[in-house]
file upload-v6.tsv (TSV, C-alpha atoms (C1' of nucleotides))
chain	number	residue	atom	x	y	z
A	1	MET	CA	-1.94	-0.33	-2.32
A	2	PRO	CA	-3.74	1.83	-0.34
A	3	GLU	CA	-1.15	3.56	1.78
A	4	LEU	CA	-1.73	5.16	5.18
A	5	PRO	CA	-4.22	7.86	4.05
A	6	GLU	CA	-6.30	5.39	2.06
A	7	VAL	CA	-6.37	2.82	4.85
A	8	GLN	CA	-7.24	5.55	7.36
A	9	THR	CA	-10.10	6.76	5.15
A	10	ILE	CA	-11.50	3.24	4.91
A	11	VAL	CA	-11.12	2.71	8.67
A	12	ASN	CA	-12.84	6.03	9.44
A	13	ASP	CA	-15.75	5.02	7.22
A	14	LEU	CA	-16.02	1.52	8.68
A	15	LYS	CA	-15.96	2.92	12.23
A	16	LYS	CA	-19.25	4.61	11.50
A	17	ALA	CA	-20.86	1.52	10.03
A	18	LEU	CA	-19.61	-1.64	11.68
A	19	PRO	CA	-19.17	-1.49	15.48
A	20	GLY	CA	-22.00	-3.22	17.29
A	21	LYS	CA	-22.92	-5.33	14.29
A	22	LYS	CA	-22.98	-9.10	14.47
A	23	ILE	CA	-21.41	-11.24	11.78
A	24	VAL	CA	-24.18	-13.53	10.53
A	25	SER	CA	-22.37	-15.15	7.63
A	26	PHE	CA	-19.05	-15.27	5.84
A	27	GLU	CA	-18.32	-16.38	2.29
A	28	SER	CA	-15.16	-16.48	0.24
A	29	GLY	CA	-14.62	-16.73	-3.49
A	30	PHE	CA	-10.86	-16.95	-3.11
A	31	GLU	CA	-9.71	-19.13	-0.28
A	32	LYS	CA	-6.04	-18.32	-0.66
A	33	ALA	CA	-6.61	-14.76	0.56
A	34	ILE	CA	-7.09	-16.22	4.03
A	35	LYS	CA	-3.71	-16.73	5.65
A	36	GLY	CA	-2.67	-18.96	8.51
A	37	ILE	CA	-6.04	-20.68	8.92
A	38	SER	CA	-8.44	-22.62	6.73
A	39	LEU	CA	-11.52	-21.00	5.27
A	40	SER	CA	-13.83	-23.27	7.28
A	41	LEU	CA	-12.06	-22.51	10.53
A	42	PHE	CA	-11.99	-18.79	9.77
A	43	LYS	CA	-15.69	-18.88	9.09
A	44	LYS	CA	-16.39	-20.87	12.22
A	45	ASN	CA	-14.39	-18.40	14.28
A	46	VAL	CA	-16.01	-15.22	13.05
A	47	VAL	CA	-19.66	-16.10	12.44
A	48	GLY	CA	-21.78	-15.21	15.45
A	49	LYS	CA	-19.23	-12.71	16.77
A	50	LYS	CA	-19.92	-9.08	17.30
A	51	ILE	CA	-17.66	-6.36	15.88
A	52	THR	CA	-16.47	-4.10	18.67
A	53	GLY	CA	-14.15	-1.71	16.88
A	54	ILE	CA	-12.03	-0.90	13.82
A	55	GLU	CA	-8.50	0.45	13.81
A	56	ARG	CA	-5.50	1.01	11.58
A	57	THR	CA	-1.94	-0.07	12.35
A	58	GLY	CA	0.49	0.84	9.59
A	59	LYS	CA	-1.34	-0.24	6.45
A	60	ASN	CA	-3.25	-2.99	8.28
A	61	ILE	CA	-6.95	-2.84	9.06
A	62	LEU	CA	-7.94	-4.37	12.39
A	63	ILE	CA	-11.51	-5.49	12.96
A	64	TYR	CA	-11.92	-6.31	16.64
A	65	LEU	CA	-14.39	-9.02	17.63
A	66	ASP	CA	-16.00	-9.48	21.02
A	67	ASP	CA	-14.15	-12.62	22.04
A	68	ASN	CA	-10.47	-11.68	22.04
A	69	GLU	CA	-10.11	-12.30	18.31
A	70	THR	CA	-9.29	-9.73	15.65
A	71	ILE	CA	-9.64	-9.93	11.88
A	72	LEU	CA	-6.58	-8.49	10.15
A	73	VAL	CA	-6.99	-7.15	6.63
A	74	HIS	CA	-4.14	-6.09	4.38
A	75	LEU	CA	-5.14	-4.59	1.03
A	76	LYS	CA	-1.64	-4.76	-0.52
A	77	MET	CA	-1.74	-3.25	-4.03
A	78	THR	CA	-5.32	-3.35	-5.21
A	79	GLY	CA	-7.49	-4.58	-2.35
A	80	GLN	CA	-10.83	-2.95	-1.61
A	81	LEU	CA	-13.07	-3.19	1.42
A	82	ILE	CA	-16.53	-2.03	0.52
A	83	SER	CA	-19.28	-1.67	3.08
A	84	GLN	CA	-22.93	-1.21	2.24
A	85	ASP	CA	-26.37	-1.40	3.73
A	86	THR	CA	-28.72	-3.74	1.98
A	87	LYS	CA	-32.46	-3.38	1.81
A	88	PRO	CA	-34.21	-5.76	4.18
A	89	LYS	CA	-36.23	-8.42	2.38
A	90	ILE	CA	-39.95	-8.40	3.02
A	91	GLN	CA	-39.94	-11.68	4.94
A	92	ASP	CA	-37.35	-10.41	7.40
A	93	ALA	CA	-38.10	-6.72	7.30
A	94	ASN	CA	-37.05	-6.27	10.88
A	95	LYS	CA	-33.52	-7.42	10.08
A	96	HIS	CA	-31.13	-4.76	8.95
A	97	LEU	CA	-28.39	-6.45	6.95
A	98	HIS	CA	-25.03	-4.98	6.08
A	99	HIS	CA	-22.49	-6.32	3.61
A	100	LEU	CA	-18.76	-5.96	3.93
A	101	CYS	CA	-17.01	-7.06	0.75
A	102	PHE	CA	-13.30	-7.67	0.40
A	103	TYR	CA	-12.30	-7.58	-3.25
A	104	ASP	CA	-8.85	-7.67	-4.81
A	105	ILE	CA	-8.25	-7.86	-8.54
A	106	ARG	CA	-4.60	-8.86	-8.14
A	107	LYS	CA	-5.26	-11.19	-5.23
A	108	PHE	CA	-2.31	-9.97	-3.17
A	109	GLY	CA	-4.50	-8.81	-0.32
A	110	THR	CA	-4.90	-10.97	2.76
A	111	LEU	CA	-7.29	-11.75	5.59
A	112	SER	CA	-6.17	-13.37	8.79
A	113	LEU	CA	-7.35	-13.96	12.30
A	114	ILE	CA	-5.32	-13.30	15.40
A	115	GLU	CA	-5.93	-13.29	19.14
A	116	THR	CA	-6.32	-9.68	20.16
A	117	SER	CA	-3.85	-10.18	22.99
A	118	GLN	CA	-1.20	-11.16	20.44
A	119	LEU	CA	-1.55	-8.08	18.27
A	120	LYS	CA	1.18	-6.23	20.07
A	121	ASP	CA	3.57	-9.06	19.39
A	122	LYS	CA	2.46	-9.36	15.77
A	123	PHE	CA	3.24	-5.70	15.12
A	124	SER	CA	6.36	-5.49	17.24
A	125	LYS	CA	8.54	-5.18	14.14
A	126	LEU	CA	6.43	-2.41	12.67
A	127	GLY	CA	7.95	1.07	12.70
A	128	THR	CA	6.61	4.30	14.14
A	129	ASP	CA	3.32	5.67	12.86
A	130	PRO	CA	4.21	8.92	11.08
A	131	LEU	CA	1.10	10.67	12.39
A	132	SER	CA	1.65	9.68	16.01
A	133	LYS	CA	2.97	12.06	18.65
A	134	GLU	CA	6.09	9.98	19.14
A	135	PHE	CA	7.11	10.60	15.53
A	136	SER	CA	9.22	13.60	16.50
A	137	LEU	CA	12.29	15.27	15.07
A	138	GLU	CA	14.54	13.27	17.38
A	139	LYS	CA	12.75	10.08	16.37
A	140	LEU	CA	13.18	10.77	12.66
A	141	LYS	CA	16.86	11.61	13.12
A	142	GLY	CA	17.32	8.30	14.90
A	143	LEU	CA	15.54	6.40	12.12
A	144	LEU	CA	17.71	8.00	9.45
A	145	LYS	CA	20.76	6.73	11.30
A	146	LYS	CA	19.42	3.19	11.30
A	147	ALA	CA	19.86	2.88	7.53
A	148	PRO	CA	22.47	5.53	6.73
A	149	ASN	CA	23.30	4.19	3.27
A	150	LYS	CA	19.76	3.75	2.06
A	151	PRO	CA	18.36	6.37	-0.28
A	152	VAL	CA	16.01	8.51	1.80
A	153	LYS	CA	13.08	7.55	-0.44
A	154	ALA	CA	13.62	3.84	0.24
A	155	LEU	CA	13.87	4.58	3.95
A	156	LEU	CA	10.53	6.38	4.00
A	157	MET	CA	8.94	3.22	2.63
A	158	GLU	CA	10.64	0.90	5.10
A	159	GLN	CA	7.68	-0.36	7.16
A	160	GLY	CA	9.93	-1.55	9.95
A	161	LEU	CA	11.08	2.03	10.51
A	162	ILE	CA	8.10	4.15	9.50
A	163	SER	CA	4.76	2.41	9.05
A	164	GLY	CA	2.32	3.59	6.44
A	165	ILE	CA	4.17	5.44	3.68
A	166	GLY	CA	4.17	3.79	0.25
A	167	ASN	CA	5.39	4.61	-3.22
A	168	ILE	CA	3.04	7.47	-4.09
A	169	TYR	CA	3.43	9.48	-0.90
A	170	ALA	CA	7.19	8.88	-0.67
A	171	SER	CA	7.66	10.75	-3.97
A	172	GLU	CA	5.15	13.47	-3.04
A	173	ILE	CA	6.63	14.01	0.42
A	174	LEU	CA	10.17	14.39	-0.91
A	175	PHE	CA	9.02	16.86	-3.54
A	176	ASP	CA	7.32	18.90	-0.83
A	177	ALA	CA	10.46	18.76	1.29
A	178	LYS	CA	12.64	19.66	-1.73
A	179	ILE	CA	14.90	16.68	-1.06
A	180	ASP	CA	16.42	14.52	-3.80
A	181	PRO	CA	15.01	10.99	-3.28
A	182	ARG	CA	18.36	9.41	-4.19
A	183	LYS	CA	20.18	11.12	-1.34
A	184	LYS	CA	21.60	8.87	1.33
A	185	SER	CA	19.69	9.04	4.61
A	186	SER	CA	22.82	9.95	6.53
A	187	SER	CA	23.54	12.94	4.29
A	188	LEU	CA	20.49	14.97	5.31
A	189	LYS	CA	21.28	18.16	7.17
A	190	ASN	CA	19.36	19.21	10.26
A	191	LYS	CA	17.23	21.67	8.35
A	192	GLU	CA	16.35	19.05	5.77
A	193	VAL	CA	15.27	16.58	8.43
A	194	GLU	CA	13.06	19.27	9.98
A	195	LYS	CA	11.48	19.97	6.62
A	196	LEU	CA	11.09	16.26	5.90
A	197	LEU	CA	9.22	15.74	9.16
A	198	GLU	CA	6.94	18.64	8.38
A	199	SER	CA	6.27	17.38	4.84
A	200	ILE	CA	5.51	13.83	5.98
A	201	LYS	CA	2.84	15.03	8.40
A	202	LYS	CA	1.50	17.68	6.06
A	203	ILE	CA	1.12	15.48	2.98
A	204	LEU	CA	-0.38	12.51	4.85
A	205	LYS	CA	-2.89	14.70	6.71
A	206	LYS	CA	-3.90	16.48	3.53
A	207	ALA	CA	-4.34	13.14	1.74
A	208	ILE	CA	-6.61	11.90	4.54
A	209	LEU	CA	-8.68	15.09	4.28
A	210	MET	CA	-8.97	14.43	0.55
A	211	ARG	CA	-9.94	10.80	1.19
A	212	GLY	CA	-6.88	9.26	-0.44
A	213	THR	CA	-5.39	8.87	-3.90
A	214	SER	CA	-7.17	6.89	-6.61
A	215	VAL	CA	-4.57	6.29	-9.29
A	216	SER	CA	-6.41	3.22	-10.47
A	217	ASP	CA	-8.08	0.72	-8.17
A	218	TYR	CA	-8.28	2.41	-4.80
A	219	ARG	CA	-11.80	3.05	-3.51
A	220	ASP	CA	-13.06	4.11	-0.08
A	221	ALA	CA	-15.44	1.98	1.98
A	222	SER	CA	-18.42	3.24	0.01
A	223	GLY	CA	-16.78	2.45	-3.32
A	224	LYS	CA	-15.92	6.05	-4.17
A	225	LYS	CA	-12.62	7.44	-5.43
A	226	GLY	CA	-10.45	9.72	-3.36
A	227	SER	CA	-9.32	13.08	-4.72
A	228	PHE	CA	-5.64	13.46	-3.85
A	229	GLN	CA	-4.75	12.25	-7.37
A	230	ASP	CA	-5.92	15.68	-8.54
A	231	VAL	CA	-3.20	17.44	-6.55
A	232	LEU	CA	-0.28	15.07	-7.12
A	233	LYS	CA	2.81	17.11	-8.00
A	234	VAL	CA	5.28	14.51	-9.28
A	235	TYR	CA	3.94	10.96	-8.96
A	236	LYS	CA	3.60	9.52	-12.49
A	237	LYS	CA	4.28	12.98	-13.92
A	238	ASP	CA	7.60	12.13	-15.60
A	239	GLY	CA	8.03	14.05	-18.83
A	240	GLN	CA	5.75	16.82	-17.58
A	241	LYS	CA	6.73	20.20	-16.19
A	242	CYS	CA	7.44	20.72	-12.51
A	243	PRO	CA	4.58	22.82	-11.05
A	244	THR	CA	7.13	25.04	-9.29
A	245	CYS	CA	9.92	25.63	-11.83
A	246	ASP	CA	8.84	24.09	-15.17
A	247	THR	CA	11.81	21.71	-15.24
A	248	ILE	CA	10.85	18.31	-16.69
A	249	ILE	CA	10.02	15.78	-13.97
A	250	GLU	CA	12.26	12.72	-14.00
A	251	LYS	CA	11.63	9.10	-13.19
A	252	SER	CA	14.20	6.78	-11.73
A	253	ILE	CA	14.13	3.39	-10.06
A	254	ILE	CA	15.08	3.41	-6.40
A	255	GLY	CA	14.88	0.17	-4.45
A	256	GLN	CA	13.12	-1.42	-7.43
A	257	ARG	CA	10.31	1.11	-7.28
A	258	SER	CA	9.49	3.94	-9.65
A	259	THR	CA	10.38	7.29	-8.17
A	260	PHE	CA	9.40	10.71	-9.50
A	261	PHE	CA	11.13	13.99	-8.72
A	262	CYS	CA	12.12	17.42	-9.99
A	263	PRO	CA	15.89	17.47	-10.57
A	264	LYS	CA	16.00	21.22	-10.00
A	265	CYS	CA	13.75	21.75	-6.95
A	266	GLN	CA	14.93	18.65	-5.11
A	267	LYS	CA	18.52	18.84	-3.94
B	1	DC	C1'	23.84	-8.99	8.74
B	2	DT	C1'	22.37	-6.60	4.43
B	3	DC	C1'	21.11	-6.54	-0.23
B	4	DG	C1'	19.03	-7.72	-4.63
B	5	DG	C1'	15.90	-10.35	-7.04
B	6	DA	C1'	11.97	-13.38	-7.61
B	7	DG	C1'	7.42	-14.33	-6.52
B	8	DC	C1'	2.57	-13.62	-5.61
B	9	DC	C1'	-1.71	-12.25	-9.48
B	10	DT	C1'	-4.42	-9.81	-13.13
B	11	DG	C1'	-5.34	-5.93	-16.04
B	12	DT	C1'	-3.78	-2.24	-18.96
B	13	DC	C1'	-0.82	0.20	-21.72
B	14	DT	C1'	3.30	0.53	-24.91
B	15	DG	C1'	5.97	-0.36	-28.75
B	16	DC	C1'	7.22	-3.22	-32.45
C	1	DT	C1'	-4.64	-4.87	-35.63
C	2	DG	C1'	-2.01	-8.22	-32.83
C	3	DC	C1'	0.76	-9.60	-29.51
C	4	DA	C1'	4.72	-9.90	-26.36
C	5	DG	C1'	6.55	-7.44	-22.71
C	6	DA	C1'	6.63	-3.97	-19.27
C	7	DC	C1'	4.53	-2.16	-15.57
C	8	DA	C1'	1.31	-1.27	-11.51
C	9	DG	C1'	-0.33	1.61	-4.91
C	10	DG	C1'	3.08	-4.02	-1.13
C	11	DC	C1'	5.46	-7.25	1.16
C	12	DT	C1'	7.83	-11.78	2.02
C	13	DC	C1'	11.12	-15.11	1.15
C	14	DC	C1'	15.40	-16.85	-0.47
C	15	DG	C1'	20.14	-17.07	-1.63
C	16	DA	C1'	24.47	-14.66	-2.23
call {"tool": "encode", "arguments": {"input": "upload-v6.tsv", "output": "structure tokens"}}
result
Amino acid sequence: MPELPEVQTIVNDLKKALPGKKIVSFESGFEKAIKGISLSLFKKNVVGKKITGIERTGKNILIYLDDNETILVHLKMTGQLISQDTKPKIQDANKHLHHLCFYDIRKFGTLSLIETSQLKDKFSKLGTDPLSKEFSLEKLKGLLKKAPNKPVKALLMEQGLISGIGNIYASEILFDAKIDPRKKSSSLKNKEVEKLLESIKKILKKAILMRGTSVSDYRDASGKKGSFQDVLKVYKKDGQKCPTCDTIIEKSIIGQRSTFFCPKCQK
DNA sequence: CTCGGAGCCTGTCTGC
DNA sequence: TGCAGACAGGCTCCGA
């Protein structure tokens, strides 16, 4: 899916378009995407409500409503959330309608509704946001100790420890940090942890500036592709030359996920 | 407790 | 060309 930079891009876009708007109708072409509540009840609970704000927590999109309810959206692998203004029809020219469309080719994505006061509880098991101030060197060292035997690449993707990094950025971050993704978390030296922290923040921030990575289905809230795919160094580049040293990039499966790295640069 | 594997879905690409 | 099989950005559940 959309990982942290993609979700953040979508949230930033929606923040400009949605707050203050009232939900006048809700339709669904795939009822199963709605979790924990029936379609009719979901509809009943959101129609007539005003959107007060949009935020990201991990890879979740939170759409706050004005009555202590929040719509939670998770895009999983291929979900899209597209927002667009629609031309007012002549008969109701004074009404300015806006469409927000949730679309997911693989149907893994989910919508749910939660009381805003219960959000904290809902996300209590979610790890630290890697772009937050509290994600410090000491914090990262502590997290590495929590799963000492896990390959560092698998640890980066562990949402209960760090929330927001997925398969693309895990490979890119470790290439930037020159760390072998197969290395056990506990084996990282101080200097490597410092570099890892720097690379995590650097890569994620750069990806947000570039509006995310569109390998295939990802689109921002206006339906456009991101551009970070143009600067990927190793992700899906197996068989090609490393941009730094010309060694052939390798692919290996770590934690059941494809992982790409340069066997020479990454130690 | 941790770990690995299956499952959720559909589209696209690979290799025989 | 055709078709089976692998694989894809995530996460949860289940059993060992």
call {"tool": "closest_atom_pairs", "arguments": {"input": "upload-v6.tsv", "of": "chain A", "to": "chain B", "cutoff": "9 Å", "atoms": "only C-alpha atoms (C1' of nucleotides)", "output": "CSV"}}
result
residue,atom,partner,partner_atom,distance
A:Ile105,CA,B:DT10,C1',6.3
A:Arg106,CA,B:DC9,C1',4.7
A:Lys107,CA,B:DC9,C1',5.6
A:Phe108,CA,B:DC8,C1',6.6
A:Gly255,CA,B:DG4,C1',8.9
call {"tool": "interface_residues", "arguments": {"input": "upload-v6.tsv", "of": "chain A", "to": "chain C", "cutoff": "10 Å", "atoms": "only C-alpha atoms (C1' of nucleotides)", "output": "PDB file with C-alpha atoms, in the frame of the given file"}}
result
ATOM      1  CA  MET A   1      -1.940  -0.330  -2.320  1.00  0.00           C
ATOM      2  CA  PRO A   2      -3.740   1.830  -0.340  1.00  0.00           C
ATOM      3  CA  GLU A   3      -1.150   3.560   1.780  1.00  0.00           C
ATOM      4  CA  GLU A   6      -6.300   5.390   2.060  1.00  0.00           C
ATOM      5  CA  LYS A  59      -1.340  -0.240   6.450  1.00  0.00           C
ATOM      6  CA  HIS A  74      -4.140  -6.090   4.380  1.00  0.00           C
ATOM      7  CA  LEU A  75      -5.140  -4.590   1.030  1.00  0.00           C
ATOM      8  CA  LYS A  76      -1.640  -4.760  -0.520  1.00  0.00           C
ATOM      9  CA  MET A  77      -1.740  -3.250  -4.030  1.00  0.00           C
ATOM     10  CA  THR A  78      -5.320  -3.350  -5.210  1.00  0.00           C
ATOM     11  CA  GLY A  79      -7.490  -4.580  -2.350  1.00  0.00           C
ATOM     12  CA  PHE A 108      -2.310  -9.970  -3.170  1.00  0.00           C
ATOM     13  CA  GLY A 109      -4.500  -8.810  -0.320  1.00  0.00           C
ATOM     14  CA  GLN A 159       7.680  -0.360   7.160  1.00  0.00           C
ATOM     15  CA  GLY A 166       4.170   3.790   0.250  1.00  0.00           C
ATOM     16  CA  ASN A 167       5.390   4.610  -3.220  1.00  0.00           C
ATOM     17  CA  ILE A 168       3.040   7.470  -4.090  1.00  0.00           C
ATOM     18  CA  TYR A 169       3.430   9.480  -0.900  1.00  0.00           C
ATOM     19  CA  THR A 213      -5.390   8.870  -3.900  1.00  0.00           C
ATOM     20  CA  SER A 214      -7.170   6.890  -6.610  1.00  0.00           C
ATOM     21  CA  VAL A 215      -4.570   6.290  -9.290  1.00  0.00           C
ATOM     22  CA  SER A 216      -6.410   3.220 -10.470  1.00  0.00           C
ATOM     23  CA  ASP A 217      -8.080   0.720  -8.170  1.00  0.00           C
ATOM     24  CA  TYR A 218      -8.280   2.410  -4.800  1.00  0.00           C
ATOM     25  CA  SER A 258       9.490   3.940  -9.650  1.00  0.00           C
TER      26      SER A 258
END
call {"tool": "atom_distance", "arguments": {"input": "upload-v6.tsv", "atom1": "atom CA of Pro181 of chain A", "atom2": "atom CA of Val234 of chain A"}}
result
12.0 Å
call {"tool": "atom_distance", "arguments": {"input": "upload-v6.tsv", "atom1": "atom CA of Val152 of chain A", "atom2": "atom CA of Thr9 of chain A"}}
result
26.4 Å
call {"tool": "build_atoms", "arguments": {"input": "upload-v6.tsv", "residues": "segment 239-254 of chain A", "atoms": "N, CA and C atoms", "output": "mmCIF file, in the frame of the given file"}}
result
data_model
loop_
_atom_site.group_PDB
_atom_site.id
_atom_site.type_symbol
_atom_site.label_atom_id
_atom_site.label_comp_id
_atom_site.auth_asym_id
_atom_site.auth_seq_id
_atom_site.Cartn_x
_atom_site.Cartn_y
_atom_site.Cartn_z
ATOM 1 N N GLY A 239 8.206 13.491 -17.499
ATOM 2 C CA GLY A 239 8.030 14.050 -18.830
ATOM 3 C C GLY A 239 7.213 15.341 -18.815
ATOM 4 N N GLN A 240 6.534 15.586 -17.695
ATOM 5 C CA GLN A 240 5.750 16.820 -17.580
ATOM 6 C C GLN A 240 6.536 17.870 -16.809
ATOM 7 N N LYS A 241 6.030 19.104 -16.850
ATOM 8 C CA LYS A 241 6.730 20.200 -16.190
ATOM 9 C C LYS A 241 6.496 20.214 -14.690
ATOM 10 N N CYS A 242 7.546 20.546 -13.951
ATOM 11 C CA CYS A 242 7.440 20.720 -12.510
ATOM 12 C C CYS A 242 6.507 21.896 -12.228
ATOM 13 N N PRO A 243 5.535 21.738 -11.328
ATOM 14 C CA PRO A 243 4.580 22.820 -11.050
ATOM 15 C C PRO A 243 5.253 24.060 -10.451
ATOM 16 N N THR A 244 6.445 23.897 -9.910
ATOM 17 C CA THR A 244 7.130 25.040 -9.290
ATOM 18 C C THR A 244 8.060 25.757 -10.274
ATOM 19 N N CYS A 245 8.859 24.973 -11.036
ATOM 20 C CA CYS A 245 9.920 25.630 -11.830
ATOM 21 C C CYS A 245 9.904 25.267 -13.308
ATOM 22 N N ASP A 246 8.961 24.474 -13.752
ATOM 23 C CA ASP A 246 8.840 24.090 -15.170
ATOM 24 C C ASP A 246 9.911 23.126 -15.679
ATOM 25 N N THR A 247 10.839 22.724 -14.824
ATOM 26 C CA THR A 247 11.810 21.710 -15.240
ATOM 27 C C THR A 247 11.052 20.391 -15.469
ATOM 28 N N ILE A 248 11.540 19.583 -16.408
ATOM 29 C CA ILE A 248 10.850 18.310 -16.690
ATOM 30 C C ILE A 248 11.080 17.330 -15.537
ATOM 31 N N ILE A 249 9.975 16.757 -15.054
ATOM 32 C CA ILE A 249 10.020 15.780 -13.970
ATOM 33 C C ILE A 249 10.700 14.504 -14.459
ATOM 34 N N GLU A 250 11.553 13.951 -13.629
ATOM 35 C CA GLU A 250 12.260 12.720 -14.000
ATOM 36 C C GLU A 250 11.719 11.515 -13.247
ATOM 37 N N LYS A 251 11.992 10.355 -13.847
ATOM 38 C CA LYS A 251 11.630 9.100 -13.190
ATOM 39 C C LYS A 251 12.907 8.294 -13.024
ATOM 40 N N SER A 252 13.073 7.698 -11.874
ATOM 41 C CA SER A 252 14.200 6.780 -11.730
ATOM 42 C C SER A 252 13.789 5.653 -10.797
ATOM 43 N N ILE A 253 14.475 4.549 -10.902
ATOM 44 C CA ILE A 253 14.130 3.390 -10.060
ATOM 45 C C ILE A 253 15.004 3.403 -8.814
ATOM 46 N N ILE A 254 14.350 3.462 -7.671
ATOM 47 C CA ILE A 254 15.080 3.410 -6.400
ATOM 48 C C ILE A 254 14.501 2.250 -5.598
#
